[in-house]
Structure formats: structure tokens, C-alpha cells
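Everything below belongs to model35.txt, which stores compact mmCIF, C-alpha atoms and all ligand atoms.
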```
# COMPACT_ATOMS: atom_id res chain seq x y z
CA MET A 1 -5.57 -4.76 38.30
CA THR A 2 -5.52 -1.16 37.13
CA PRO A 3 -4.98 -0.88 33.39
CA LEU A 4 -1.54 0.38 32.47
CA THR A 5 -1.77 3.83 31.00
CA THR A 6 0.81 5.16 28.60
CA PRO A 7 3.36 7.27 30.52
CA ALA A 8 3.98 10.95 29.76
CA PRO A 9 6.66 11.97 27.25
CA LEU A 10 9.98 12.89 28.77
CA SER A 11 13.27 14.48 27.75
CA LEU A 12 16.01 12.17 29.01
CA GLY A 13 19.00 14.50 28.52
CA ASN A 14 21.82 14.20 26.00
CA GLY A 15 19.44 15.25 23.21
CA ILE A 16 17.28 12.14 23.64
CA HIS A 17 13.50 12.40 24.07
CA LEU A 18 11.13 9.56 24.98
CA VAL A 19 7.65 9.59 23.44
CA PRO A 20 5.64 6.56 24.58
CA VAL A 21 2.98 5.65 22.00
CA PRO A 22 -0.10 3.57 22.96
CA LEU A 23 -0.75 0.28 21.15
CA PRO A 24 -4.13 -1.23 20.27
CA PHE A 25 -3.62 -4.32 22.41
CA LYS A 26 -3.26 -5.23 26.09
CA SER A 27 0.30 -6.39 26.13
CA PRO A 28 2.57 -4.60 25.61
CA PRO A 29 0.34 -1.53 26.16
CA TRP A 30 2.70 0.96 24.56
CA VAL A 31 5.93 1.27 22.56
CA ASN A 32 8.74 3.64 23.51
CA THR A 33 9.75 5.80 20.57
CA TYR A 34 12.88 7.90 20.93
CA ALA A 35 13.50 11.21 19.18
CA VAL A 36 17.23 11.88 19.03
CA GLU A 37 18.63 15.29 18.10
CA ALA A 38 20.70 14.67 14.98
CA ASN A 39 22.39 16.94 12.47
CA GLY A 40 20.19 19.93 13.24
CA GLY A 41 16.99 17.89 13.09
CA LEU A 42 15.59 14.75 14.64
CA LEU A 43 15.95 11.03 14.14
CA LEU A 44 12.97 8.98 15.34
CA LEU A 45 13.53 5.42 16.48
CA ASP A 46 10.43 3.20 16.03
CA CYS A 47 6.90 4.52 15.52
CA GLY A 48 4.17 2.17 16.80
CA THR A 49 1.19 0.70 14.99
CA ASP A 50 -0.83 2.61 12.42
CA TRP A 51 -3.84 3.93 14.31
CA ASP A 52 -5.09 7.40 15.14
CA ARG A 53 -4.43 7.24 18.87
CA GLY A 54 -0.80 6.42 18.18
CA ARG A 55 -0.48 9.20 15.61
CA GLU A 56 -2.06 11.63 18.09
CA ALA A 57 0.34 10.54 20.86
CA ILE A 58 3.33 11.39 18.66
CA ARG A 59 1.84 14.80 17.83
CA GLU A 60 1.07 15.59 21.46
CA GLY A 61 4.36 14.17 22.73
CA PHE A 62 6.39 16.29 20.35
CA SER A 63 4.40 19.38 21.25
CA THR A 64 4.76 18.77 25.03
CA LEU A 65 8.53 18.41 24.63
CA GLY A 66 8.82 21.47 22.36
CA LEU A 67 9.89 19.38 19.35
CA GLU A 68 8.84 19.99 15.74
CA GLU A 69 7.61 17.02 13.73
CA SER A 70 8.85 18.78 10.59
CA ALA A 71 12.40 18.40 11.98
CA VAL A 72 12.31 14.59 11.65
CA HIS A 73 14.57 13.71 8.71
CA THR A 74 15.13 10.05 9.54
CA LEU A 75 12.95 7.20 10.81
CA VAL A 76 14.95 4.21 12.01
CA VAL A 77 12.96 1.06 12.81
CA SER A 78 14.44 -1.62 15.07
CA HIS A 79 12.63 -4.57 13.45
CA LEU A 80 9.73 -5.71 11.27
CA HIS A 81 6.96 -6.08 13.83
CA PRO A 82 3.80 -3.96 13.60
CA ASP A 83 4.23 -2.30 17.02
CA HIS A 84 7.53 -0.85 15.72
CA VAL A 85 7.13 -0.39 11.98
CA GLY A 86 3.30 -0.28 11.64
CA MET A 87 2.95 3.48 11.21
CA ALA A 88 6.09 3.89 9.06
CA ALA A 89 4.29 4.35 5.72
CA ARG A 90 2.00 7.06 7.13
CA LEU A 91 4.84 9.02 8.76
CA ILE A 92 7.17 8.77 5.76
CA GLU A 93 4.39 10.07 3.56
CA GLU A 94 3.61 12.95 5.93
CA TRP A 95 7.16 13.90 6.81
CA GLY A 96 9.07 12.95 3.68
CA CYS A 97 11.75 11.49 5.96
CA ARG A 98 14.15 8.72 4.99
CA PHE A 99 13.45 5.22 6.24
CA VAL A 100 16.30 3.16 7.67
CA MET A 101 16.33 -0.52 8.64
CA HIS A 102 18.73 -3.45 8.66
CA GLU A 103 19.53 -4.68 5.14
CA ARG A 104 17.66 -7.97 5.64
CA ALA A 105 14.45 -5.91 5.74
CA THR A 106 14.74 -5.25 1.99
CA LYS A 107 13.67 -8.82 1.25
CA LEU A 108 11.66 -9.56 4.38
CA VAL A 109 9.25 -6.65 3.83
CA ASP A 110 7.46 -8.86 1.29
CA ARG A 111 6.85 -11.44 3.99
CA TYR A 112 5.62 -8.76 6.39
CA ASN A 113 3.10 -7.68 3.77
CA ASP A 114 1.99 -11.23 2.94
CA THR A 115 -0.63 -12.47 5.43
CA PRO A 116 -1.84 -15.48 3.32
CA GLY A 117 1.79 -16.66 3.14
CA TYR A 118 2.10 -16.37 6.90
CA ILE A 119 -1.08 -18.40 7.46
CA GLU A 120 0.19 -21.06 5.07
CA ARG A 121 3.52 -21.38 6.91
CA LEU A 122 1.78 -21.38 10.28
CA THR A 123 -0.66 -24.11 9.21
CA ARG A 124 2.21 -26.27 7.95
CA ILE A 125 4.09 -25.85 11.23
CA ALA A 126 0.95 -26.48 13.33
CA THR A 127 0.16 -29.65 11.38
CA GLY A 128 3.71 -31.00 11.63
CA HIS A 129 4.16 -30.21 15.31
CA GLY A 130 1.05 -31.75 16.80
CA VAL A 131 -1.62 -29.07 17.12
CA PRO A 132 -4.84 -31.12 17.56
CA ASP A 133 -7.66 -30.71 15.04
CA PHE A 134 -10.00 -29.02 17.51
CA THR A 135 -7.42 -26.29 18.23
CA MET A 136 -6.10 -25.85 14.70
CA ALA A 137 -8.55 -23.13 13.67
CA GLU A 138 -7.75 -21.06 16.78
CA ILE A 139 -4.02 -21.27 16.21
CA THR A 140 -4.08 -20.47 12.52
CA ASP A 141 -6.93 -17.94 12.48
CA VAL A 142 -4.91 -14.85 11.58
CA VAL A 143 -6.67 -11.76 10.30
CA ARG A 144 -4.46 -8.90 9.20
CA PRO A 145 -5.33 -5.96 11.46
CA ASP A 146 -6.01 -2.45 10.14
CA TYR A 147 -3.09 -1.10 12.19
CA MET A 148 -0.68 -3.12 10.04
CA PRO A 149 -0.94 -1.69 6.50
CA PRO A 150 1.63 -2.85 3.93
CA ILE A 151 4.97 -1.04 3.98
CA SER A 152 7.67 -0.36 1.37
CA PRO A 153 11.27 -1.49 1.72
CA PRO A 154 13.63 0.89 3.56
CA ASP A 155 15.33 3.46 1.32
CA LYS A 156 18.53 3.22 3.32
CA THR A 157 19.80 0.01 4.87
CA VAL A 158 22.43 -0.59 7.54
CA GLU A 159 24.49 -3.56 8.65
CA ASP A 160 26.18 -4.66 11.84
CA GLY A 161 28.93 -2.22 12.78
CA ASP A 162 27.66 0.62 10.58
CA ILE A 163 27.77 4.11 12.02
CA ILE A 164 24.85 6.54 11.77
CA ASP A 165 26.43 9.97 12.08
CA ILE A 166 24.22 12.33 14.14
CA GLY A 167 26.56 15.32 14.08
CA GLY A 168 28.95 16.97 16.54
CA GLY A 169 31.30 14.00 16.38
CA ARG A 170 28.56 11.78 17.76
CA SER A 171 27.11 8.64 16.18
CA LEU A 172 24.83 5.68 16.69
CA GLU A 173 26.50 2.36 16.09
CA VAL A 174 24.36 -0.39 14.58
CA VAL A 175 24.42 -3.71 16.44
CA HIS A 176 22.61 -6.45 14.49
CA THR A 177 20.80 -8.64 17.02
CA PRO A 178 18.72 -11.30 15.20
CA GLY A 179 16.59 -13.73 17.22
CA HIS A 180 13.36 -11.98 18.18
CA GLU A 181 13.16 -11.06 14.49
CA PRO A 182 15.88 -11.44 11.82
CA THR A 183 16.21 -7.72 10.97
CA HIS A 184 16.48 -6.64 14.61
CA ILE A 185 19.04 -3.94 15.38
CA CYS A 186 20.09 -2.15 18.55
CA LEU A 187 21.79 1.26 18.39
CA ARG A 188 24.62 2.35 20.64
CA ASP A 189 25.18 6.04 21.32
CA SER A 190 28.89 6.86 21.01
CA ARG A 191 28.66 9.81 23.42
CA THR A 192 26.84 8.24 26.36
CA GLY A 193 27.23 4.50 25.73
CA ILE A 194 23.45 4.19 26.07
CA LEU A 195 22.02 1.23 24.15
CA PHE A 196 18.67 1.53 22.38
CA SER A 197 17.71 -2.12 22.67
CA GLY A 198 14.41 -2.36 20.75
CA ASP A 199 12.73 -5.62 21.83
CA HIS A 200 16.02 -7.50 22.14
CA VAL A 201 16.39 -6.69 25.84
CA LEU A 202 13.24 -5.69 27.72
CA PRO A 203 12.61 -5.16 31.43
CA ARG A 204 10.51 -7.87 33.13
CA ILE A 205 9.30 -9.69 30.00
CA SER A 206 11.28 -11.95 27.74
CA PRO A 207 10.71 -11.22 24.03
CA VAL A 208 9.07 -14.08 22.19
CA ILE A 209 11.44 -16.15 20.04
CA MET A 210 9.27 -17.60 17.29
CA TYR A 211 10.23 -20.65 15.28
CA ASP A 212 10.34 -19.99 11.56
CA GLU A 213 11.05 -22.84 9.15
CA ASP A 214 13.10 -20.55 6.87
CA LEU A 215 15.37 -19.12 9.54
CA GLY A 216 17.17 -22.08 11.12
CA ASP A 217 18.13 -21.85 14.77
CA VAL A 218 16.33 -18.65 15.84
CA LEU A 219 16.91 -19.27 19.55
CA GLY A 220 20.60 -19.85 18.84
CA ASP A 221 20.62 -16.51 17.02
CA TYR A 222 18.92 -14.82 19.96
CA LEU A 223 21.31 -16.25 22.56
CA GLY A 224 24.26 -15.23 20.35
CA SER A 225 22.82 -11.72 20.09
CA LEU A 226 22.51 -11.51 23.89
CA GLN A 227 26.12 -12.61 24.29
CA LYS A 228 27.10 -9.92 21.79
CA LEU A 229 25.71 -7.26 24.17
CA LEU A 230 27.61 -8.73 27.11
CA ASP A 231 30.80 -8.60 25.03
CA LEU A 232 30.07 -4.92 24.32
CA GLY A 233 29.78 -4.29 28.06
CA ILE A 234 26.44 -2.50 27.87
CA GLY A 235 25.11 -0.44 30.78
CA VAL A 236 22.17 1.99 30.64
CA THR A 237 19.65 0.58 28.17
CA TYR A 238 16.60 2.23 26.63
CA PRO A 239 14.15 -0.52 25.59
CA ALA A 240 11.19 -0.32 23.21
CA HIS A 241 8.68 -1.34 25.90
CA GLY A 242 8.43 -0.72 29.63
CA THR A 243 10.74 1.28 31.87
CA LEU A 244 14.36 2.28 31.24
CA ILE A 245 17.00 -0.23 32.38
CA ASP A 246 19.97 0.88 34.52
CA GLN A 247 22.00 -2.28 34.20
CA GLY A 248 21.54 -3.72 30.74
CA GLY A 249 24.25 -6.33 31.28
CA GLU A 250 22.48 -7.69 34.35
CA ARG A 251 19.16 -7.91 32.51
CA THR A 252 20.90 -9.62 29.57
CA ARG A 253 22.34 -12.25 31.91
CA GLN A 254 18.86 -12.85 33.39
CA LEU A 255 17.46 -13.44 29.90
CA LEU A 256 20.23 -15.92 29.10
CA LEU A 257 19.48 -17.74 32.35
CA HIS A 258 15.73 -17.79 31.61
CA HIS A 259 16.34 -19.58 28.29
CA ASP A 260 18.92 -21.93 29.83
CA ARG A 261 16.33 -23.05 32.38
CA ARG A 262 13.63 -23.44 29.76
CA LEU A 263 15.99 -25.52 27.59
CA LEU A 264 16.84 -27.76 30.54
CA ASP A 265 13.16 -28.22 31.42
CA MET A 266 12.18 -29.05 27.85
CA ALA A 267 15.10 -31.46 27.39
CA GLU A 268 13.92 -33.19 30.57
CA LEU A 269 10.35 -33.43 29.25
CA VAL A 270 11.63 -35.06 26.06
CA ARG A 271 13.74 -37.48 28.12
CA THR A 272 10.62 -38.72 29.95
CA GLY A 273 9.07 -39.94 26.69
CA ASP A 274 8.77 -39.27 22.97
CA THR A 275 6.65 -36.20 22.44
CA ASN A 276 5.75 -33.35 20.11
CA ALA A 277 6.06 -29.57 20.40
CA TRP A 278 2.37 -28.97 21.15
CA LYS A 279 2.46 -31.35 24.14
CA VAL A 280 5.70 -29.80 25.41
CA MET A 281 4.07 -26.36 25.16
CA LEU A 282 1.06 -27.48 27.23
CA LYS A 283 3.39 -28.70 29.99
CA SER A 284 5.70 -25.67 29.90
CA PHE A 285 3.29 -22.73 29.87
CA ARG A 286 0.34 -21.83 32.07
CA PRO A 287 -2.99 -23.42 31.09
CA ASN A 288 -5.88 -21.78 29.19
CA LEU A 289 -3.84 -19.37 27.12
CA GLU A 290 -5.80 -17.14 24.75
CA PRO A 291 -5.36 -18.18 21.07
CA LEU A 292 -2.71 -15.53 20.29
CA GLN A 293 -0.75 -16.36 23.46
CA ALA A 294 -1.04 -20.08 22.70
CA ARG A 295 0.30 -19.53 19.17
CA LEU A 296 3.28 -17.55 20.48
CA ALA A 297 3.99 -20.11 23.23
CA PHE A 298 3.80 -22.91 20.65
CA LEU A 299 6.26 -21.20 18.28
CA GLU A 300 8.54 -20.36 21.23
CA THR A 301 8.47 -24.04 22.26
CA ILE A 302 9.52 -25.22 18.79
CA SER A 303 12.39 -22.70 18.71
CA HIS A 304 13.66 -24.23 21.97
CA LEU A 305 13.21 -27.85 20.82
CA GLU A 306 14.92 -27.09 17.51
CA HIS A 307 17.82 -25.41 19.34
CA LEU A 308 18.17 -28.54 21.50
CA ARG A 309 18.11 -30.68 18.38
CA LEU A 310 20.56 -28.56 16.39
CA THR A 311 23.00 -28.57 19.30
CA GLY A 312 22.79 -32.37 19.52
CA ARG A 313 20.94 -32.64 22.83
CA ILE A 314 17.74 -34.24 21.51
CA GLN A 315 16.64 -35.76 18.22
CA VAL A 316 13.67 -35.59 15.95
CA GLU A 317 11.93 -38.27 13.91
CA GLU A 318 9.11 -37.86 11.44
CA ARG A 319 6.27 -40.31 12.05
CA ASN A 320 3.18 -40.12 9.82
CA GLY A 321 3.88 -36.49 9.03
CA LEU A 322 4.37 -35.58 12.71
CA MET A 323 7.66 -34.31 14.12
CA ILE A 324 8.39 -36.40 17.23
CA TYR A 325 11.17 -35.30 19.59
CA LEU A 326 13.10 -37.97 21.45
CA SER A 327 16.31 -38.25 23.41
ZN ZN A 401 7.68 -4.83 20.32
```
Could you quickly redo this structure as C-alpha cells?
Ligand SMILES: [Zn+2]
Amino acid sequence: MTPLTTPAPLSLGNGIHLVPVPLPFKSPPWVNTYAVEANGGLLLLDCGTDWDRGREAIREGFSTLGLEESAVHTLVVSHLHPDHVGMAARLIEEWGCRFVMHERATKLVDRYNDTPGYIERLTRIATGHGVPDFTMAEITDVVRPDYMPPISPPDKTVEDGDIIDIGGGRSLEVVHTPGHEPTHICLRDSRTGILFSGDHVLPRISPVIMYDEDLGDVLGDYLGSLQKLLDLGIGVTYPAHGTLIDQGGERTRQLLLHHDRRLLDMAELVRTGDTNAWKVMLKSFRPNLEPLQARLAFLETISHLEHLRLTGRIQVEERNGLMIYLS
């Protein structure tokens, strides 16, 4: 397979410019950042991880498109994952721009910055949900990467339904879409109806929905956030990874269907005998996953089992410190 190279920057019309920024991992290989002409300057949506190749790609992309970095007055970040917010501190420092995120980010930034806390939560979940001893180290071996330096809280926060005025009677409406991550927002352009979907709706891949003991029914949140987009009647959608989507509504329906099927399959697995999340994961995903992929698949499995439990379709029982799912 030929490695996917980061595509060239492109002006998309309507004052919107796409600058793809490479990421220091295989999948996804790049993040789409969007520079939107706003109030005589530019608003940048998402920024990639903090590494020099990414910083260089922004510089070169702007220059190719005839844009000035000094014109960026606002950085909006769709959610608190390093491939979206990683370089925020560096850019804010260089540009002196304001930093906008959903209001939940104010508190959750501390968690983003706290790797020991994450490892502790992960170990507790892995222990309770059946990760065997010989795999435990692989699943919980998290080293904070250099491309993820600590960040400060946003200096301006937005909530669902807020309007970001970009001048000329045009605005970006904030649509809060928790699920993939609790601060996740999409932005809807009032002039064109285009939806900037972040990771909430992606072409081809389904964003990982990770169980988190503090967040309740994360899959329920995600499915609700997908339905919200259908209710809005979205069309052309500009995602944070991959190619642009013509029919956002269609893609949203596919994602709903994907999770419906997975829920049915997992409910069926539980019906065939009492089990735990780790065993359900092994039967639901392809074998021999790399440690990071296995961790994500495991957390995705628990979010599905917990959604089934919280909607009354299966039950859970604690036996010797292990969470056992049963029908
Ligand atoms: Zn992402």
C-alpha cells in the first residue's frame, strides 16, 4: 500500500481555505485545518499536533494560498484531542490570537494535561473489565508524547447555539456534539450551510467512542449528537480528517447504522453467555491489534456495553471485582 501523503492546500471558495497538516502517526495521517476569512482577518479551525512538520505545513500552506499568518485573530478548536489542539499553545504564543473552545474545555483541560491521572483511570477500567494480566502492561503503557505539550484553558468559551460573528452578516453557529469527546463542537456556516464537522462525522472511518467512567453514556451522547445533525438537515460537510463530504446527512445515517449493528452484535454475544468487555472486544474486532488499537477497541466496546446496559437491554453484575455483562 502506498503511504498516504498529505494533500496540497486548497481554497474552497466562500472565503474558506483548507490547509491539511501532517500528523506524527499512521492513522489518521493528517488533520484538515480550515482558515476562514472573518472580520478582516482569519479564523483558524483546529491546528494539529505540536511538531515542526505540522508547524511548517501551516506556514507553507498559508503562503501557497496567499494568506498571512499574522491575520489570524482567532483559533477555534473542535475538541480536546492532540491532533486538533496539540499545537494550540505554540500558535497562540506566536500569533497572540484568542483561543475558543466549548465551555466544558475550561475544566477538562486539566484532565488533558494530566497523563498520570489518565493512566490511573485506564488501569482501573482495564482491571474491572477483564484485561488479562499478560496484556495489562500493553494496554496501560501510556507515555505522553512530545507533540502533546500541556495547554491552557480557552480564553473565550462557547455553548450550543452560540453564534460566532465573522462579519458581513455572516456567522458560524456552534453545534455542541459530545460523544467522541465531551467538548466536541461542529460549526455551521450561515451563508453556505456548510458544516465543519471536526471528528464527529468523518468519511470512511467511524470516530472512536471511548468509555470514560466520569462521563456516563458516551455512546448515547454520540448517537444523540448524530441525530442532532440529521435534525439540522446538514448537507456539504467539511471534516477534520479525509476528504470533503457531499452528503453529510447520508454519512450521518451510515454512522448511526454502524453503531446499531455493533450494538445488536454485542447484545447477541452477551446473550450467548455471561462475559466481560475484554472478551467481547476480542470477538468483535479483528485479531492481533497493536496495543494502541486494542486499547481504543476495548474502550469502544465498553461504551457499547454500557449503552446497552443503561438502555435496559443487558445487565451487569460485579463478581470478585470484575464487571460481568449478562442478559
Ligand atoms: Zn481527530
Please find the residues contacting ligand ZN 401 (chain A) at a distance of at most 12 Å between atoms, with only C-alpha atoms and all ligand atoms counted, and report them as an NGL selection string. :A and (21-23 or 25 or 27-33 or 46-49 or 77-86 or 180-181 or 184 or 197-202 or 205-209 or 239-242)
Calculated over all atoms listed in the file, which of the candidates A:Lys283, A:His17, A:Arg188, A:Arg90 has the smallest distance to Val236 (chain A)?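 Ranking A:Lys283, A:His17, A:Arg188, A:Arg90 by distance to Val236 (chain A), first place goes to A:Arg188.
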Using all atoms listed in the file, which of A:Pro154, A:Thr106, A:Ile234, A:Leu305 sits nearest Glu268 (chain A)?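 Using all atoms listed in the file, Glu268 (chain A) sits closest to A:Leu305.
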May I have the residues within 9 Å of region 215-229 of chain A as a list of chain:residue names, using only C-alpha atoms and disregarding those fewer than 4 positions away in the same chain? A:Val175, A:His176, A:Thr177, A:Pro178, A:Gly179, A:His180, A:Glu181, A:Pro182, A:His200, A:Val201, A:Ile209, A:Met210, A:Tyr211, A:Gly233, A:Ile234, A:Gly248, A:Gly249, A:Thr252, A:Arg253, A:Leu255, A:Leu256, A:His259, A:Glu300, A:Ser303, A:His304, A:Glu306, A:His307, A:Leu310
Between A:Ala57, A:Tyr325, A:Val76, A:Lys107, which is the closest to Gly273 (chain A) once you count all atoms listed in the file?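 Result for the nearest residue to Gly273 (chain A): A:Tyr325.
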What does the structure give for the distance between CA of Asp189 (chain A) and CA of Glu173 (chain A), in Å to one decimal? 6.5 Å
For Leu18 (chain A), the nearest of the candidates A:Tyr112, A:Phe298, A:Tyr118, A:Tyr34, counting all atoms listed in the file: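 Of the candidates, the smallest distance to Leu18 (chain A) is held by A:Tyr34.
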What's the 8 Å shell around Gly15 (chain A), counting only C-alpha atoms, without same-chain residues fewer than 3 positions away, as a PDB file with C-alpha atoms, in the coordinates of the input?
```pdb
ATOM      1  CA  SER A  11      13.270  14.480  27.750  1.00  0.00           C
ATOM      2  CA  LEU A  12      16.010  12.170  29.010  1.00  0.00           C
ATOM      3  CA  VAL A  36      17.230  11.880  19.030  1.00  0.00           C
ATOM      4  CA  GLU A  37      18.630  15.290  18.100  1.00  0.00           C
TER       5      GLU A  37
END
```
Enter the distance from CA of Ile125 (chain A) to CA of Asn288 (chain A), in Å, rounded to one decimal.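 Going from CA of Ile125 (chain A) over to CA of Asn288 (chain A) covers 20.9 Å.
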What does the distance from CA of Gly66 (chain A) to CA of Ile245 (chain A) come to in Å, to one decimal?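 These atoms are spaced 25.3 Å apart.
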Need the axis-aligned box for region 273-280 of chain A with 5 Å each side, so what are the centre and edges in Å to one decimal, as JSON?
```
{"center_x": 5.7, "center_y": -34.5, "center_z": 23.4, "size_x": 16.7, "size_y": 21.0, "size_z": 16.6}
```
